[in-house]
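Structure, as structure tokens:
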Amino acid sequence: MVRARIRPLEPHPYDDTAIHYGEHFTRMFMRCYPQRATTRRIEAEGLLLRLPAVR
């Protein structure tokens with residue numbers, strides 16, 4: 001399984017955090033398009049609960 005992560009261009013020297021691309025994209029989509037069928041399905045089926053498993 002590929003785990004796509006994005007790191008800041010200029011990271012803090014003591015911070016090793018990365019943004020999981022799938023989680024970022026999903027949350028951004030839901031924020032931008034709250035009334036779309038896909039957003040409603042993600043919420044109705046509780047699919048956000050699966051995101052931590054793929055991090």
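Just so we're on the same page: first chain in the structure tokens is A, next is B, and so on; residues restart at 1 for each chain, and ligands are numbered from 1 in the order they show up.
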Legend entry - strand (DSSP E or B) call set, DSSP backbone run, chain A, as a list of chain:residue names: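 Secondary structure check on chain A, strand (DSSP E or B): A:Arg5, A:Ile6, A:Ile19, A:His20.
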Inset, instruction - Within 12 Å of A:Gly22, counting only C-alpha atoms, which residues show up once you throw out same-chain ones fewer than 2 positions away? Write them as a list in words, please. - result: Val2, Arg3, Ala4, Arg5, Ile6, Ala18, Ile19, His20, His24, Phe25, Thr26, Arg27, Met28, Phe29, Leu48, Arg50, Leu51, Pro52, Ala53, Val54 and Arg55 of chain A
Dump C-alpha atoms for the selected residues as a CSV table (one decimal), in the first residue's frame?
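Once everything was written out, this is selection.csv:
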chain,number,residue,atom,x,y,z
A,2,VAL,CA,1.3,3.4,-0.9
A,3,ARG,CA,1.0,6.1,1.7
A,4,ALA,CA,1.2,9.4,0.0
A,5,ARG,CA,2.4,12.1,2.3
A,6,ILE,CA,3.3,15.7,1.7
A,18,ALA,CA,3.5,15.3,7.1
A,19,ILE,CA,0.1,15.8,5.7
A,20,HIS,CA,-1.6,12.7,4.3
A,24,HIS,CA,-6.2,16.6,3.0
A,25,PHE,CA,-8.0,16.1,-0.4
A,26,THR,CA,-11.1,14.6,1.3
A,27,ARG,CA,-11.5,17.3,3.9
A,28,MET,CA,-10.8,20.0,1.4
A,29,PHE,CA,-13.4,18.6,-1.0
A,48,LEU,CA,-14.0,9.8,7.6
A,50,ARG,CA,-11.4,5.1,7.9
A,51,LEU,CA,-8.9,7.9,7.2
A,52,PRO,CA,-6.6,7.2,10.3
A,53,ALA,CA,-6.2,3.6,9.1
A,54,VAL,CA,-4.5,4.8,5.8
A,55,ARG,CA,-2.2,7.3,7.4
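Computed from the coordinates, the atom CA of A:Gly46 to atom CA of A:Pro34 distance equals 14.9 Å.
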Inset, instruction - Go ahead and compute the interatomic distance for atom CA of A:Leu47 and atom CA of A:Thr17, in Å to one decimal. - result: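 Between atom CA of A:Leu47 and atom CA of A:Thr17 the gap works out to 23.4 Å.
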Inset, instruction - Write down as a VMD selection string the residues of chain A whose backbone DSSP state falls under alpha helix (DSSP H). - result: chain A and resid 21 to 32 37 to 44 51 to 54
Those selected residues, please, written with N, CA, C and O atoms and delivered as a compact mmCIF listing (two decimals), in the first residue's frame.
# COMPACT_ATOMS: atom_id res chain seq x y z
N TYR A 21 -2.04 12.99 1.94
CA TYR A 21 -2.69 13.61 0.79
C TYR A 21 -4.17 13.23 0.71
O TYR A 21 -5.02 14.06 0.44
N GLY A 22 -4.50 11.97 0.94
CA GLY A 22 -5.90 11.54 0.85
C GLY A 22 -6.79 12.23 1.87
O GLY A 22 -7.91 12.63 1.57
N GLU A 23 -6.27 12.38 3.08
CA GLU A 23 -7.05 13.07 4.11
C GLU A 23 -7.21 14.55 3.77
O GLU A 23 -8.29 15.11 3.89
N HIS A 24 -6.13 15.16 3.33
CA HIS A 24 -6.18 16.57 2.95
C HIS A 24 -7.19 16.78 1.83
O HIS A 24 -8.05 17.67 1.90
N PHE A 25 -7.11 15.97 0.79
CA PHE A 25 -8.00 16.12 -0.36
C PHE A 25 -9.46 15.91 0.05
O PHE A 25 -10.34 16.67 -0.33
N THR A 26 -9.72 14.88 0.84
CA THR A 26 -11.09 14.58 1.26
C THR A 26 -11.68 15.72 2.07
O THR A 26 -12.80 16.17 1.83
N ARG A 27 -10.93 16.19 3.05
CA ARG A 27 -11.45 17.28 3.89
C ARG A 27 -11.63 18.57 3.10
O ARG A 27 -12.59 19.31 3.31
N MET A 28 -10.71 18.85 2.20
CA MET A 28 -10.82 20.05 1.36
C MET A 28 -12.06 19.96 0.46
O MET A 28 -12.81 20.92 0.32
N PHE A 29 -12.26 18.80 -0.16
CA PHE A 29 -13.43 18.60 -1.01
C PHE A 29 -14.71 18.80 -0.21
O PHE A 29 -15.62 19.50 -0.66
N MET A 30 -14.76 18.21 0.97
CA MET A 30 -15.98 18.33 1.78
C MET A 30 -16.23 19.76 2.22
O MET A 30 -17.38 20.19 2.31
N ARG A 31 -15.17 20.49 2.48
CA ARG A 31 -15.32 21.89 2.89
C ARG A 31 -15.79 22.76 1.72
O ARG A 31 -16.63 23.63 1.88
N CYS A 32 -15.27 22.48 0.53
CA CYS A 32 -15.61 23.29 -0.64
C CYS A 32 -16.97 22.93 -1.23
O CYS A 32 -17.62 23.78 -1.84
N ALA A 37 -23.36 15.16 -3.57
CA ALA A 37 -23.74 13.80 -3.19
C ALA A 37 -22.57 13.05 -2.56
O ALA A 37 -22.75 12.27 -1.61
N THR A 38 -21.38 13.26 -3.07
CA THR A 38 -20.21 12.57 -2.53
C THR A 38 -19.96 12.96 -1.08
O THR A 38 -19.70 12.10 -0.23
N THR A 39 -20.06 14.24 -0.78
CA THR A 39 -19.87 14.71 0.60
C THR A 39 -20.93 14.11 1.51
O THR A 39 -20.62 13.63 2.60
N ARG A 40 -22.16 14.11 1.05
CA ARG A 40 -23.25 13.54 1.86
C ARG A 40 -23.03 12.05 2.10
O ARG A 40 -23.29 11.54 3.19
N ARG A 41 -22.53 11.34 1.10
CA ARG A 41 -22.27 9.91 1.24
C ARG A 41 -21.13 9.66 2.24
O ARG A 41 -21.22 8.76 3.08
N ILE A 42 -20.07 10.45 2.15
CA ILE A 42 -18.95 10.31 3.08
C ILE A 42 -19.45 10.48 4.51
O ILE A 42 -19.08 9.71 5.41
N GLU A 43 -20.28 11.47 4.72
CA GLU A 43 -20.80 11.72 6.06
C GLU A 43 -21.79 10.63 6.49
O GLU A 43 -21.71 10.13 7.61
N ALA A 44 -22.71 10.24 5.60
CA ALA A 44 -23.74 9.25 5.94
C ALA A 44 -23.15 7.88 6.26
O ALA A 44 -23.63 7.18 7.16
N LEU A 51 -10.07 7.15 7.59
CA LEU A 51 -8.87 7.88 7.24
C LEU A 51 -7.66 7.58 8.14
O LEU A 51 -6.56 7.42 7.64
N PRO A 52 -7.83 7.49 9.46
CA PRO A 52 -6.65 7.19 10.28
C PRO A 52 -5.99 5.85 9.94
O PRO A 52 -4.78 5.70 10.10
N ALA A 53 -6.73 4.91 9.42
CA ALA A 53 -6.17 3.60 9.07
C ALA A 53 -5.22 3.67 7.88
O ALA A 53 -4.35 2.82 7.75
N VAL A 54 -5.38 4.66 7.03
CA VAL A 54 -4.53 4.76 5.85
C VAL A 54 -3.38 5.74 6.03
O VAL A 54 -2.59 5.92 5.12
